[in-house]
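Participant: Would you mind keeping the following structure in view while I ask a few things?
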Amino acid sequence: MLKWVGGKGRLLPELLARLPQTLGAYHEPFVGGGALFFALAGTGRLGQVYLSDANAALIDVYLALRDDVDRVIAALRGHRYDRDHYYRVRAQRPAELSLPERAARVIFLNKTCYNGLYRENRAGQFNVPFGRYVNPTICDEPNLRAASAILQQVDIARRRFDTVLDLSLIHISEPTRPY
């Protein structure tokens, strides 16, 4: 659903071969595009799942897909691969958008920006330039719906990596404060 710098997609065969056949609790503290999680989710090897990342925009994507995939898809359908449209969307203020709109914005920018980078300036504004693609898939509805189904029983929260295993952690199950 997202391409993410540092993603584990290319390493999946090696990683899957090295993991135990069953996992009690699965903690992914740097979820990014979730390649390992989504690969494992289809194997029946996972118990309780905790996905987290410090990036609020990324966590909003996961929460919106889990809780309101229809509105995310509807918002994505309004986007098109066009340079001017890209820069208008990039300039939007996420705090003024609903959770599904924020998620669609991140997915759109990720699919159409340079190399799928996620980078913000010191003011917290997304600042990656427009990418050059032939025909990027902005709204992969079957994939988004499949991701939503897998995420239904998953604990998703904005967390720093060093707090992931802290049992006293307050779990966030609502959208993060808009960034």
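Letters A, B, ... mark the chains of the structure tokens in the order given; residue numbers begin at 1 per chain; ligand numbers begin at 1, in order shown.
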Find the residues around segment 1-13 of chain A up to 8 Å (only C-alpha atoms counted), leave out those fewer than 6 positions away in its own chain, and share them as a list of chain:residue names.
Facilitator: A:Gly32, A:Gly33, A:Gly34, A:Ala35, A:Leu36, A:Ala39, A:Ile107, A:Asn110, A:Lys111, A:Gly116, A:Leu117, A:Tyr118, A:Asp140, A:Asn143, A:Leu144, A:Ala147
Participant: Next, the residues of the selection above should be written as a short mmCIF file (atom, residue, chain, number, x, y, z; two decimals), in the first residue's frame with N, CA and C atoms.
Facilitator:
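What ended up in out02.cif:
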```cif
data_model
loop_
_atom_site.label_atom_id
_atom_site.label_comp_id
_atom_site.auth_asym_id
_atom_site.auth_seq_id
_atom_site.Cartn_x
_atom_site.Cartn_y
_atom_site.Cartn_z
N GLY A 32 6.68 1.56 8.89
CA GLY A 32 6.89 1.99 7.50
C GLY A 32 5.80 1.45 6.60
N GLY A 33 6.18 0.80 5.52
CA GLY A 33 5.21 0.22 4.59
C GLY A 33 4.63 -1.10 5.05
N GLY A 34 5.15 -1.66 6.15
CA GLY A 34 4.59 -2.87 6.74
C GLY A 34 4.82 -4.16 5.96
N ALA A 35 5.86 -4.22 5.15
CA ALA A 35 6.08 -5.40 4.29
C ALA A 35 6.15 -6.70 5.09
N LEU A 36 6.93 -6.73 6.16
CA LEU A 36 7.06 -7.96 6.94
C LEU A 36 5.75 -8.30 7.63
N ALA A 39 3.25 -9.67 5.09
CA ALA A 39 3.66 -11.02 4.66
C ALA A 39 3.34 -12.05 5.74
N ILE A 107 -0.90 8.81 1.11
CA ILE A 107 -0.79 7.75 0.10
C ILE A 107 -0.54 8.37 -1.28
N ASN A 110 2.97 9.74 -1.46
CA ASN A 110 3.91 8.63 -1.48
C ASN A 110 3.98 7.98 -2.85
N LYS A 111 2.86 7.85 -3.52
CA LYS A 111 2.82 7.19 -4.83
C LYS A 111 3.29 8.09 -5.97
N GLY A 116 9.23 7.82 -3.60
CA GLY A 116 8.43 7.42 -2.44
C GLY A 116 9.00 7.87 -1.12
N LEU A 117 9.78 8.94 -1.14
CA LEU A 117 10.38 9.44 0.10
C LEU A 117 9.33 10.09 0.99
N TYR A 118 9.57 10.04 2.27
CA TYR A 118 8.77 10.84 3.20
C TYR A 118 9.76 11.72 3.94
N ASP A 140 -5.20 1.82 -5.30
CA ASP A 140 -5.25 0.37 -5.52
C ASP A 140 -6.31 -0.19 -4.57
N ASN A 143 -6.10 -3.73 -2.95
CA ASN A 143 -5.01 -3.80 -1.98
C ASN A 143 -5.35 -3.04 -0.70
N LEU A 144 -5.96 -1.88 -0.83
CA LEU A 144 -6.35 -1.09 0.35
C LEU A 144 -7.41 -1.83 1.16
N ALA A 147 -5.69 -4.69 2.97
CA ALA A 147 -4.94 -4.16 4.11
C ALA A 147 -5.88 -3.83 5.25
#
```
Participant: Show which residues sit within 8 Å of Gly47 of chain A, as number ranges by chain. Count only C-alpha atoms, and ignore same-chain residues fewer than 2 positions away.
Facilitator: A: 22-26, 45, 49
Participant: Residues within 9 Å of segment 125-128 of chain A, please, as a list in words. Count only C-alpha atoms; anything in the same chain fewer than 4 positions from it doesn't count.
Facilitator: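 The neighbour list is Arg90, Ala91, Arg93, Leu109, Cys113, Tyr114, Gly116, Leu117, Tyr118, Arg119, Glu120, Asn121 and Tyr179 of chain A.
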Participant: What does the file look like for those residues with C-alpha atoms, as a PDB file, in the first residue's frame?
Facilitator:
```
ATOM      1  CA  ARG A  90       1.551  18.879  -0.890  1.00  0.00           C
ATOM      2  CA  ALA A  91       0.774  22.436   0.272  1.00  0.00           C
ATOM      3  CA  ARG A  93      -2.449  21.772   5.855  1.00  0.00           C
ATOM      4  CA  LEU A 109       2.099  11.915  -2.109  1.00  0.00           C
ATOM      5  CA  CYS A 113       6.627  11.941  -5.113  1.00  0.00           C
ATOM      6  CA  TYR A 114      10.286  11.369  -5.906  1.00  0.00           C
ATOM      7  CA  GLY A 116       8.432   7.415  -2.441  1.00  0.00           C
ATOM      8  CA  LEU A 117      10.379   9.444   0.096  1.00  0.00           C
ATOM      9  CA  TYR A 118       8.772  10.839   3.196  1.00  0.00           C
ATOM     10  CA  ARG A 119      10.564  13.945   4.354  1.00  0.00           C
ATOM     11  CA  GLU A 120       9.484  17.032   6.258  1.00  0.00           C
ATOM     12  CA  ASN A 121      11.253  20.326   6.764  1.00  0.00           C
ATOM     13  CA  TYR A 179       0.694  17.255  12.227  1.00  0.00           C
TER      14      TYR A 179
END
```
Participant: When distances are computed from only C-alpha atoms, which of A:Arg83, A:Arg77, A:Arg102, A:Arg66 shows the smallest separation from Arg145 of chain A?
Facilitator: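 Closest to Arg145 of chain A, using only C-alpha atoms: A:Arg66.
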Participant: Within 10 Å of Asp68 of chain A, counting only C-alpha atoms, which residues qualify if same-chain residues fewer than 5 places away don't, as an MDAnalysis selection string?
Facilitator: chainID A and resid 62:63 73 99:100 148
Participant: Could you take the residues named above and write them with C-alpha atoms, as a PDB file, in the first residue's frame?
Facilitator:
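Result file is result-v1.pdb:
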```
ATOM      1  CA  TYR A  62      -2.911   2.780   9.161  1.00  0.00           C
ATOM      2  CA  LEU A  63      -5.681   3.998  11.485  1.00  0.00           C
ATOM      3  CA  ILE A  73     -10.645   5.240  -1.167  1.00  0.00           C
ATOM      4  CA  LEU A  99      -8.415  11.501   9.100  1.00  0.00           C
ATOM      5  CA  PRO A 100      -9.365   9.722   5.814  1.00  0.00           C
ATOM      6  CA  SER A 148      -7.993  -2.882   5.960  1.00  0.00           C
TER       7      SER A 148
END
```
Participant: Would you list, as number ranges by chain, the residues of segment 44-172 of chain A that end up in helix (DSSP H, G or I) under DSSP run on this structure's backbone?
Facilitator: A: 56-77, 83-91, 94-96, 99-112, 114-116, 141-151, 161-163
Participant: Pull the strand (DSSP E) assignments for chain A out of DSSP run on the backbone, and list those residues as a list in words.
Facilitator: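 Residues of chain A classed as strand (DSSP E): Leu23, Gly24, Ala25, Tyr26, His27, Glu28, Leu46, Gly47, Gln48, Val49, Tyr50, Leu51, Ser52, Asp53, Asp155, Ile156, Ala157 and Arg158 of chain A.
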Participant: Counting only C-alpha atoms, which residue out of A:Ile156, A:Ala95, A:Ile138, A:Ala149 sits closest to His27 of chain A?
Facilitator: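 Among the listed residues, the smallest separation from His27 of chain A belongs to A:Ile156.
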Participant: For atom CA of Asp67 of chain A and atom CA of Thr43 of chain A, determine how far apart the two atoms are, in Å to one decimal place.
Facilitator: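 Computed distance, atom CA of Asp67 of chain A to atom CA of Thr43 of chain A, equals 23.0 Å.
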Participant: Hey, which of A:Pro136, A:Val61, A:Arg159, A:Ile150 ends up closest to Gly44 of chain A? Count only C-alpha atoms.
Facilitator: A:Ile150
